[in-house]
Amino acid sequence: MTEPPFRRILVANRGEIAIRVMRSAKELGCETVAVYSEADRGALHVRYADSAYLLGPAAPAQSYLHAERLLEVAARAEADAIHPGYGFFAENASFARRVIAAGMTWIGPHPDAIDAMGDKIRARAAMVAAGVPVVPGGSAAIADAEDAAAAARTYGLPLALKASGGGGGKGLKIAHSIDELAAAFSTAQREATAYFGNPAIYVERYLENPKHIELQIVADKHGHIAHVGERDCSLQRRHQKVWEEAPPQLPEAVRAGLRAAGLQAARAIAYDSVGTIEYLVSGDAFYFLEMNTRIQVEHTVSEEISGIDLVREQILVAAGRPLSFSQADVQLRGHAIEVRVNAEDPAAGFRPAPGTLSAYHEPGGFGVRVDSAAYPGFTITPDYDSLIAKLIVRGRTRDEALARLGRAIDEYVIAGVPTTLPMLRALIDYPPVIDASYGTATLEPFAATLGGAAANGAAASSLVPDAGDEATIQVEVDGRLFRVRFVDLPFARPANGTAAASKPAAKARPARASAVPAGDDVLAPMHGVVVEIPVAAGSVVNAGDVVAVIEAMKMMNEIHAHKAGTVEAVRVAAGDTVEARTPLLAIRSAAT
């Protein structure tokens with residue numbers, strides 16, 4: 001048997017990606033170490049690992065983003081390597097250097113490569129030097145809205161204002177007119193500072209509804225580099241992906257061009273791990289967008305069509321071993337689709353919806369894969385992102401994959417919180433998805449057309465008795481079984497599923513509190529942390545003005561005034577943690 005690349009790997013992450021990394025590590029013969037916050041004591045990644053260590057309270061800054069504590073735990077566990085997963089410290093060059101200085105192996109690219117691609121302004125400059133096409137835009141940070149207006153005159157509108165230290169759609173705002181530039185700059189800079197500690201903003205010409213295409217790169221420390229094909233990641237909300245598929249439908253000239261450019265980009269920074277080159281594709285033109293120096297959420301679809309375990313390769317090359325395949329060995333077969341199942345309310349602008357899963361049942365069958373750490377009773381906390389699971393399907397053709405995805409979603413049962421599942425199911429029948437003509441601006445307008453019932457209806461699988469629906473009974477008529485769901489059940493039902501005259505059934509509580517304004521009060525729509533209150537007592541506001549910003553589950557949520565008037569009182573301050581329906585401020589109506 002081949003000697004394991006490492007004796008013990010600590011996975012500095014949580015949830016499904018922690019389990020995903022541990023599975024490959026265990027197949028390689030490595031022991032696994034989990035870390036967890038107080039909120040994650042009962043998490044599946046904790047149970048799955050060979051050993052587990054407490055980091056601290058739920059807040060990421062006191063647990064998964066506490067560098068000192070992570071290194072202390074790694075030393076205590078006698079780990080000889082650290083895998084960061086994605087998010088948290090995955091693209092933090094400073095932390096990578098500290099891991100290496102502590103005598104452990106960083107399972108990721110060398111820190112200089114992270115630095116080179118981590119700052120988007122520097123990355124643009126590096127790509128221009130390497131001859132890789134970039135979106136028309138500036139090569140330096142802008143200072144204020146006046147600089148943004150000058151850029152708009154140079155590059156045209158709409159204009160994208162982007163965080164230099166950012167990614168994942170955070171710190172990105174679009175201005176469609178000169179009048180919108182000031183607010184877009186302020187918001188982008190606020191998010192850039194909050195998420196990345198770097199207020200630098202640069203600008204690019206915003207492309208209307210392009211394709212967002214990624215090229216999967218794998219490289220080792222011996223100069224070998226290969227790609228594992230492309231993915232289409234264009235279906236997004238808030239500039240964050242919800243649906244990814246491979247291979248994308250592209251003109252062959254574009255496919256060949258972006259592959260050559262991606263390999264050149266990786267060589268230019270001596271890349272030596274798993275990574276992703278992201279592009280925007282508009283017609284027959286493609287432009288470098290950014291490079292992610294880590295494993296990505298959507299790596300699964302590339303694995304499914306290539307048969308290559310990307311996490312396994314990532315671990316092996318970190319140990320100094322050569323790639324287990326060459327470019328000629330990469331044979332892409334079939335079609336794969338991944339959808340992200342999030343605890344979000346599509347009918348309310350994809351508002352995060354933390355809560356506890358009262359029922360959970362995953363689909364299965366040929367060509368179906370689920371990467372998740374969820375289970376019945378699992379709580380999605382507001383401290384982390386809203387991802388519940390990744391549902392991945394594979395088929396011989398795209399049509400087969402779409403049909404399989406529909407079947408799998410129909411089997412999936414999640415109750416207790418609103419999810420994106422019904423919206424994802426509806427997307428399968430949407431013409432721009434059927435013909436793959438969709439772009440980055442397709443999803444949000446489509447989601448806005450869905451009613452609340454379509455967006456939030458609970459899935460009900462025939463494989464799970466009652467599927468979490470308390471008002472369903474079975475009725476047999478002439479030897480045929482029917483499942484009947486009561487809309488207004490007049491009686492309670494005992495645990496054995498038979499109807500019985502009893503005390504009236506309690507009405508089901510909503511998954512989360514509503515945030516309908518209460519008279520003069522502007523209410524928090526969710527649990528979160530107040531990032532900014534841009535108004536003060538005495539400020540005059542119009543209906544629709546931003547009066548507060550709340551961060552919840554890794555999303556910035558702008559809270560708007562529900563009416564015009566004067567701010568009478570501000571009841572919270574930046575840094576406060578608030579619950580749903582907490583009064584944030586009061587607005588006295590303008591005199592009529």
# chains A, B, ... in the order shown; residues from 1 in each chain; ligands from 1

call {"tool": "residues_around", "arguments": {"residues": "A:Ala150", "least_positions_apart": "3", "cutoff": "12 Å", "atoms": "only C-alpha atoms", "output": "list in words"}}
result
Gly137, Gly138, Ile142, Ala143, Asp144, Ala145, Glu146, Asp147, Arg153, Thr154, Tyr155, Gly156, Leu157, Leu159, Ile178, Leu181 and Val203 of chain A

call {"tool": "select_by_dssp", "arguments": {"residues": "stretch 67-213 of chain A", "states": "helix (DSSP H, G or I)", "output": "PyMOL selection string"}}
result
chain A and resi 67-76+93-101+111-118+120-129+145-155+178-196

call {"tool": "residues_around", "arguments": {"residues": "A:Ala253", "least_positions_apart": "4", "cutoff": "12 Å", "atoms": "only C-alpha atoms", "output": "list in words"}}
result
Gln249, Gly257, Leu258, Arg259, Ala260, Val281, Gly283, Asp284, Ala285 and Phe286 of chain A

call {"tool": "residues_around", "arguments": {"residues": "A:Ala74", "least_positions_apart": "2", "cutoff": "12 Å", "atoms": "only C-alpha atoms", "output": "compact mmCIF listing (two decimals) with N, CA, C and O atoms, in the first residue's frame"}}
result
# COMPACT_ATOMS: atom_id res chain seq x y z
N ARG A 8 -1.49 13.19 9.68
CA ARG A 8 -2.72 13.72 10.29
C ARG A 8 -3.00 15.10 9.69
O ARG A 8 -2.14 15.99 9.77
N ILE A 9 -4.19 15.27 9.13
CA ILE A 9 -4.59 16.54 8.51
C ILE A 9 -5.68 17.20 9.36
O ILE A 9 -6.70 16.58 9.67
N LEU A 10 -5.43 18.44 9.73
CA LEU A 10 -6.46 19.24 10.39
C LEU A 10 -7.21 20.02 9.32
O LEU A 10 -6.60 20.68 8.48
N VAL A 11 -8.54 19.94 9.33
CA VAL A 11 -9.37 20.67 8.38
C VAL A 11 -9.91 21.91 9.08
O VAL A 11 -10.74 21.81 9.99
N ALA A 12 -9.41 23.05 8.66
CA ALA A 12 -9.76 24.32 9.32
C ALA A 12 -11.04 24.89 8.71
O ALA A 12 -11.05 26.01 8.18
N THR A 32 -7.76 12.33 10.42
CA THR A 32 -8.39 13.63 10.24
C THR A 32 -8.71 14.27 11.58
O THR A 32 -9.11 13.59 12.52
N VAL A 33 -8.53 15.59 11.62
CA VAL A 33 -8.82 16.37 12.82
C VAL A 33 -9.84 17.44 12.47
O VAL A 33 -9.64 18.20 11.51
N ALA A 34 -10.94 17.48 13.21
CA ALA A 34 -11.96 18.52 13.02
C ALA A 34 -11.77 19.60 14.08
O ALA A 34 -11.27 19.35 15.17
N VAL A 35 -12.19 20.79 13.73
CA VAL A 35 -12.29 21.88 14.70
C VAL A 35 -13.74 22.35 14.67
O VAL A 35 -14.44 22.20 13.66
N SER A 51 -10.63 12.87 15.36
CA SER A 51 -10.58 13.61 16.61
C SER A 51 -11.09 15.02 16.34
O SER A 51 -11.11 15.47 15.18
N ALA A 52 -11.53 15.71 17.39
CA ALA A 52 -12.12 17.04 17.21
C ALA A 52 -11.77 17.93 18.39
O ALA A 52 -11.68 17.46 19.54
N TYR A 53 -11.58 19.23 18.11
CA TYR A 53 -11.15 20.18 19.13
C TYR A 53 -12.00 21.45 19.06
O TYR A 53 -12.26 21.98 17.98
N LEU A 54 -12.38 21.94 20.23
CA LEU A 54 -13.16 23.17 20.35
C LEU A 54 -12.27 24.38 20.07
O LEU A 54 -11.15 24.48 20.59
N LEU A 55 -12.80 25.31 19.27
CA LEU A 55 -12.09 26.56 19.00
C LEU A 55 -12.55 27.70 19.88
O LEU A 55 -11.74 28.46 20.39
N ALA A 67 -6.84 32.79 14.22
CA ALA A 67 -5.61 32.16 13.74
C ALA A 67 -4.80 31.54 14.87
O ALA A 67 -4.30 30.40 14.76
N GLU A 68 -4.64 32.29 15.97
CA GLU A 68 -3.82 31.79 17.09
C GLU A 68 -4.40 30.49 17.63
O GLU A 68 -3.67 29.52 17.88
N ARG A 69 -5.71 30.47 17.79
CA ARG A 69 -6.34 29.28 18.36
C ARG A 69 -6.22 28.09 17.40
O ARG A 69 -5.96 26.96 17.84
N LEU A 70 -6.40 28.33 16.12
CA LEU A 70 -6.26 27.24 15.14
C LEU A 70 -4.86 26.63 15.17
O LEU A 70 -4.70 25.40 15.16
N LEU A 71 -3.85 27.49 15.23
CA LEU A 71 -2.48 26.98 15.26
C LEU A 71 -2.18 26.25 16.56
O LEU A 71 -1.46 25.25 16.58
N GLU A 72 -2.72 26.74 17.67
CA GLU A 72 -2.55 26.06 18.95
C GLU A 72 -3.17 24.66 18.90
O GLU A 72 -2.57 23.68 19.36
N ARG A 76 -1.43 20.98 19.21
CA ARG A 76 -1.91 20.04 20.23
C ARG A 76 -2.32 18.72 19.61
O ARG A 76 -2.08 17.64 20.18
N ALA A 77 -2.93 18.78 18.42
CA ALA A 77 -3.38 17.56 17.74
C ALA A 77 -2.25 16.85 17.01
O ALA A 77 -2.45 15.77 16.47
N GLU A 78 -1.08 17.48 16.98
CA GLU A 78 0.09 16.96 16.26
C GLU A 78 -0.22 16.74 14.78
O GLU A 78 0.19 15.74 14.17
N ALA A 79 -0.96 17.70 14.21
CA ALA A 79 -1.25 17.65 12.77
C ALA A 79 0.01 18.03 12.01
O ALA A 79 0.77 18.91 12.43
N ASP A 80 0.24 17.39 10.88
CA ASP A 80 1.38 17.77 10.06
C ASP A 80 0.95 18.52 8.80
O ASP A 80 1.79 18.91 7.99
N ALA A 81 -0.36 18.75 8.65
CA ALA A 81 -0.85 19.53 7.51
C ALA A 81 -2.19 20.16 7.88
O ALA A 81 -2.94 19.61 8.71
N ILE A 82 -2.49 21.30 7.26
CA ILE A 82 -3.76 21.98 7.46
C ILE A 82 -4.41 22.22 6.10
O ILE A 82 -3.79 22.77 5.20
N HIS A 83 -5.66 21.79 5.97
CA HIS A 83 -6.45 22.05 4.77
C HIS A 83 -7.51 23.09 5.14
O HIS A 83 -8.30 22.87 6.06
N ARG A 98 2.02 31.41 8.21
CA ARG A 98 2.13 31.02 9.62
C ARG A 98 2.06 29.50 9.78
O ARG A 98 2.75 28.94 10.64
N VAL A 99 1.24 28.86 8.97
CA VAL A 99 1.17 27.40 9.00
C VAL A 99 2.53 26.81 8.63
O VAL A 99 3.05 25.90 9.29
N ALA A 102 5.15 27.25 11.22
CA ALA A 102 4.94 26.38 12.38
C ALA A 102 5.38 24.94 12.09
O ALA A 102 5.22 24.06 12.94
N GLY A 103 5.91 24.70 10.89
CA GLY A 103 6.41 23.37 10.56
C GLY A 103 5.39 22.43 9.96
O GLY A 103 5.64 21.23 9.83
N MET A 104 4.23 22.97 9.58
CA MET A 104 3.19 22.15 8.98
C MET A 104 3.08 22.47 7.49
O MET A 104 3.57 23.49 7.02
N THR A 105 2.41 21.58 6.75
CA THR A 105 2.20 21.81 5.33
C THR A 105 0.87 22.50 5.11
O THR A 105 -0.15 22.11 5.69
N TRP A 106 0.89 23.52 4.29
CA TRP A 106 -0.31 24.22 3.87
C TRP A 106 -0.85 23.53 2.62
O TRP A 106 -0.17 23.44 1.61

call {"tool": "closest_residue", "arguments": {"among": "A:Leu235, A:Ala268, A:Ala569, A:Ala328", "to": "A:Pro445", "atoms": "only C-alpha atoms"}}
result
A:Leu235

call {"tool": "residues_around", "arguments": {"residues": "A:His222", "least_positions_apart": "6", "cutoff": "12 Å", "atoms": "only C-alpha atoms", "output": "list in words"}}
result
Arg267, Ala270, Tyr271, Asp272, Ser273, Val317, Ala318, Ala319, Gly320, Arg321, Pro322 and Leu323 of chain A

call {"tool": "write_last_selection", "arguments": {"atoms": "all heavy atoms", "output": "compact mmCIF listing (two decimals), in the first residue's frame"}}
result
# COMPACT_ATOMS: atom_id res chain seq x y z
N ARG A 267 0.67 29.63 -15.07
CA ARG A 267 2.13 29.57 -15.21
C ARG A 267 2.78 30.88 -14.78
O ARG A 267 3.88 30.90 -14.22
CB ARG A 267 2.51 29.25 -16.65
CG ARG A 267 2.20 27.83 -17.09
CD ARG A 267 2.83 27.52 -18.44
NE ARG A 267 2.37 26.22 -18.92
CZ ARG A 267 1.38 26.07 -19.81
NH1 ARG A 267 0.77 27.13 -20.32
NH2 ARG A 267 1.02 24.86 -20.20
N ALA A 270 3.44 30.74 -11.21
CA ALA A 270 4.00 29.45 -10.76
C ALA A 270 3.02 28.72 -9.85
O ALA A 270 3.37 28.24 -8.77
CB ALA A 270 5.33 29.67 -10.05
N TYR A 271 1.79 28.62 -10.29
CA TYR A 271 0.74 28.02 -9.46
C TYR A 271 1.03 26.55 -9.20
O TYR A 271 1.54 25.84 -10.08
CB TYR A 271 -0.62 28.18 -10.14
CG TYR A 271 -1.76 28.07 -9.16
CD1 TYR A 271 -2.00 29.08 -8.23
CD2 TYR A 271 -2.57 26.95 -9.13
CE1 TYR A 271 -3.02 28.97 -7.31
CE2 TYR A 271 -3.61 26.83 -8.22
CZ TYR A 271 -3.82 27.84 -7.31
OH TYR A 271 -4.83 27.73 -6.39
N ASP A 272 0.69 26.07 -7.99
CA ASP A 272 1.05 24.71 -7.61
C ASP A 272 -0.02 24.03 -6.75
O ASP A 272 0.30 23.37 -5.76
CB ASP A 272 2.39 24.70 -6.88
CG ASP A 272 2.39 25.55 -5.61
OD1 ASP A 272 1.41 26.29 -5.38
OD2 ASP A 272 3.37 25.46 -4.85
N SER A 273 -1.27 24.17 -7.12
CA SER A 273 -2.35 23.53 -6.36
C SER A 273 -3.59 23.48 -7.26
O SER A 273 -3.52 23.68 -8.46
CB SER A 273 -2.63 24.31 -5.07
OG SER A 273 -3.59 23.64 -4.27
N VAL A 317 -0.49 16.89 -4.19
CA VAL A 317 0.50 17.85 -4.69
C VAL A 317 1.06 18.70 -3.55
O VAL A 317 2.22 19.13 -3.59
CB VAL A 317 -0.07 18.74 -5.81
CG1 VAL A 317 -0.50 17.89 -7.00
CG2 VAL A 317 -1.19 19.63 -5.34
N ALA A 318 0.25 18.92 -2.50
CA ALA A 318 0.77 19.64 -1.33
C ALA A 318 1.89 18.85 -0.66
O ALA A 318 2.81 19.43 -0.07
CB ALA A 318 -0.36 19.91 -0.34
N ALA A 319 1.80 17.52 -0.75
CA ALA A 319 2.83 16.65 -0.18
C ALA A 319 4.04 16.51 -1.09
O ALA A 319 4.98 15.77 -0.77
CB ALA A 319 2.24 15.28 0.12
N GLY A 320 4.02 17.20 -2.23
CA GLY A 320 5.16 17.18 -3.14
C GLY A 320 5.09 16.13 -4.22
O GLY A 320 6.05 15.96 -4.98
N ARG A 321 3.98 15.44 -4.33
CA ARG A 321 3.87 14.40 -5.35
C ARG A 321 3.42 14.99 -6.68
O ARG A 321 2.69 15.99 -6.71
CB ARG A 321 2.90 13.31 -4.87
CG ARG A 321 3.38 12.65 -3.60
CD ARG A 321 2.53 11.49 -3.18
NE ARG A 321 2.97 10.97 -1.88
CZ ARG A 321 2.38 9.97 -1.24
NH1 ARG A 321 1.31 9.38 -1.79
NH2 ARG A 321 2.82 9.55 -0.07
N PRO A 322 3.82 14.38 -7.77
CA PRO A 322 3.41 14.89 -9.09
C PRO A 322 1.95 14.60 -9.35
O PRO A 322 1.33 13.73 -8.72
CB PRO A 322 4.31 14.12 -10.06
CG PRO A 322 4.64 12.86 -9.35
CD PRO A 322 4.73 13.22 -7.88
N LEU A 323 1.35 15.36 -10.28
CA LEU A 323 -0.02 15.08 -10.69
C LEU A 323 -0.15 13.62 -11.10
O LEU A 323 0.76 13.05 -11.71
CB LEU A 323 -0.42 15.97 -11.86
CG LEU A 323 -0.68 17.46 -11.60
CD1 LEU A 323 -1.09 18.14 -12.89
CD2 LEU A 323 -1.75 17.65 -10.54
